[in-house]
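Single-structure report; data block below.
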Amino acid sequence: MSFNNTSILNDINIEIEDSDFVVITGESGSGKSTLLSILSTLEKPTMGEVFYDDRAIYKLDEKEISQIRKERIGIIFQRFYLENEYSVYENVILPLQFEKIKKEDKINRANEVMKKCNIFDKKDEKAKFLSGGEMQRVAIARALINNPKYIFADEPCGNLDSKNGFLIMDLFKKLHRDGKTIILVTHNKEHTSYGNKIIELKDGEITSRK
Ligand SMILES: Nc1ncnc2c1ncn2[C@@H]1O[C@H](COP(=O)(O)OP(=O)(O)O)[C@@H](O)[C@H]1O
Ligand SMILES: [Mg+2]
């Protein structure tokens, strides 16, 4: 990946299994977000290749990519990007807005993911009245509504206090046990042990793998 001929990532070679919980770590500016964006289809690499199973996703057009995103990918960010005036329930169900799914099924799915993320008891609360930890649980529930196989998270605990940070990490652990593939960026040393694979970046290169 490069901008204005400045190389941001170099010589990155990663293989992720369906059963993995991958933690990507490293100092600020080391390329973590860029790598996650490329792995999660948000950005195309200027050089290099990305495959999902045998599918070369870096070659697909926007329409095909958005289909893959809808079917397979849930993305969570440090900033929660909720609709503040909407209720928890309305935020969670939003990705299904234009889907041809029976209303009743949409509601069932929303209830299920809100329960999974332990936010069901706040379902009618406006997002703006929630705590940071609750907001992130809503964002995770929203990311789960399409039942994606791959969950990408970029510093999901970056805006949270330590207790809420661990609650969110425990939720990722539960999702991993449920069969989700997790790829999570953090610079919190206490969170790296959640991964079965730990990749450390420095200046756009992998400096350690565990
Ligand atoms: N759109 C961009 N244009 C130019 N440089 C960028 C852009 N995005 C990121 N960078 C640079 O790439 C490097 C890695 O950034 P980033 O992936 O955000 O790192 P991290 O998430 O580890 O903090 C940084 O030096 C950053 O300034
Ligand atoms: Mg970043």
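Letters for chains follow the order of the structure tokens (A, B, ...), residue numbers begin at 1 for each chain, and ligand numbers begin at 1 in the order shown.
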**Asked** Neighbours of A:Ser40 within 8 Å (only C-alpha atoms; same-chain residues fewer than 2 positions away dropped), as a list in words?
**Response**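 Selected residues are Leu36, Ser37, Ile38, Leu42, Glu43, Ile73, Ile75 and Phe152 of chain A.
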**Request:** Please run DSSP on the backbone and report, as a PyMOL selection string, all residues within stretch 34-178 of chain A that come out as alpha helix (DSSP H).
**Result:** chain A and resi 34-39+62-72+88-93+103-116+132-144+162-177
**Message:** Can you work out which residues are within 7 Å of ligand 1, considering only C-alpha atoms and all ligand atoms, and then hand them over as an NGL selection string?
**Reply:** :A and (3 or 8 or 26-35 or 204)
Residue contacts of A:Ile140 (8 Å, only C-alpha atoms) excluding same-chain residues fewer than 3 positions away, as a compact mmCIF listing (two decimals) with N, CA and C atoms, in the first residue's frame:
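Final output, saved to part-v8.txt:
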```txt
# COMPACT_ATOMS: atom_id res chain seq x y z
N ILE A 76 -15.93 -3.01 13.01
CA ILE A 76 -16.15 -2.21 14.22
C ILE A 76 -14.97 -1.25 14.39
N CYS A 117 -24.99 -9.33 22.64
CA CYS A 117 -24.08 -8.25 23.02
C CYS A 117 -24.48 -7.60 24.35
N GLN A 136 -20.40 0.80 22.21
CA GLN A 136 -19.62 -0.16 21.43
C GLN A 136 -20.35 -1.49 21.32
N ARG A 137 -21.09 -1.87 22.35
CA ARG A 137 -21.85 -3.13 22.25
C ARG A 137 -22.96 -3.02 21.21
N ALA A 143 -22.96 -4.80 13.71
CA ALA A 143 -22.04 -5.50 12.81
C ALA A 143 -22.41 -6.98 12.67
N LEU A 144 -23.13 -7.51 13.66
CA LEU A 144 -23.46 -8.94 13.65
C LEU A 144 -24.78 -9.24 12.94
```
**Request:** Pick out each residue of stretch 3-58 of chain A that DSSP on the backbone tags as strand (DSSP E or B); I need them as a PyMOL selection string.
**Result:** chain A and resi 3+6-7+21-26+51-52+55-56
Selection above as a file: N, CA and C atoms, as a PDB file, in the first residue's frame:
```pdb
ATOM      1  N   PHE A   3       1.021   5.729  -0.643  1.00  0.00           N
ATOM      2  CA  PHE A   3       0.422   7.020  -0.969  1.00  0.00           C
ATOM      3  C   PHE A   3       1.536   7.930  -1.428  1.00  0.00           C
ATOM      4  N   THR A   6       4.976   6.922  -1.123  1.00  0.00           N
ATOM      5  CA  THR A   6       5.502   6.544   0.182  1.00  0.00           C
ATOM      6  C   THR A   6       4.867   5.208   0.540  1.00  0.00           C
ATOM      7  N   SER A   7       5.686   4.264   0.809  1.00  0.00           N
ATOM      8  CA  SER A   7       5.183   2.943   1.107  1.00  0.00           C
ATOM      9  C   SER A   7       4.718   2.884   2.562  1.00  0.00           C
ATOM     10  N   PHE A  21      -8.355 -16.069  15.870  1.00  0.00           N
ATOM     11  CA  PHE A  21      -8.567 -14.770  16.512  1.00  0.00           C
ATOM     12  C   PHE A  21      -7.204 -14.070  16.369  1.00  0.00           C
ATOM     13  N   VAL A  22      -7.113 -13.194  15.380  1.00  0.00           N
ATOM     14  CA  VAL A  22      -5.838 -12.538  15.079  1.00  0.00           C
ATOM     15  C   VAL A  22      -5.807 -11.175  15.754  1.00  0.00           C
ATOM     16  N   VAL A  23      -4.747 -10.917  16.488  1.00  0.00           N
ATOM     17  CA  VAL A  23      -4.553  -9.591  17.070  1.00  0.00           C
ATOM     18  C   VAL A  23      -3.391  -8.907  16.355  1.00  0.00           C
ATOM     19  N   ILE A  24      -3.663  -7.722  15.827  1.00  0.00           N
ATOM     20  CA  ILE A  24      -2.618  -6.926  15.168  1.00  0.00           C
ATOM     21  C   ILE A  24      -2.265  -5.781  16.102  1.00  0.00           C
ATOM     22  N   THR A  25      -0.991  -5.704  16.432  1.00  0.00           N
ATOM     23  CA  THR A  25      -0.586  -4.711  17.415  1.00  0.00           C
ATOM     24  C   THR A  25       0.608  -3.897  16.883  1.00  0.00           C
ATOM     25  N   GLY A  26       0.987  -2.892  17.600  1.00  0.00           N
ATOM     26  CA  GLY A  26       2.089  -2.026  17.157  1.00  0.00           C
ATOM     27  C   GLY A  26       1.790  -0.584  17.525  1.00  0.00           C
ATOM     28  N   PHE A  51      -6.799 -12.499  -0.795  1.00  0.00           N
ATOM     29  CA  PHE A  51      -7.735 -13.562  -1.170  1.00  0.00           C
ATOM     30  C   PHE A  51      -8.644 -13.919  -0.002  1.00  0.00           C
ATOM     31  N   TYR A  52      -9.932 -14.148  -0.298  1.00  0.00           N
ATOM     32  CA  TYR A  52     -10.834 -14.792   0.658  1.00  0.00           C
ATOM     33  C   TYR A  52     -11.099 -16.174   0.078  1.00  0.00           C
ATOM     34  N   ARG A  55     -10.803 -16.556  -3.664  1.00  0.00           N
ATOM     35  CA  ARG A  55     -11.320 -15.421  -4.413  1.00  0.00           C
ATOM     36  C   ARG A  55     -10.416 -14.192  -4.263  1.00  0.00           C
ATOM     37  N   ALA A  56      -9.990 -13.656  -5.399  1.00  0.00           N
ATOM     38  CA  ALA A  56      -9.077 -12.506  -5.389  1.00  0.00           C
ATOM     39  C   ALA A  56      -9.884 -11.235  -5.180  1.00  0.00           C
TER      40      ALA A  56
END
```
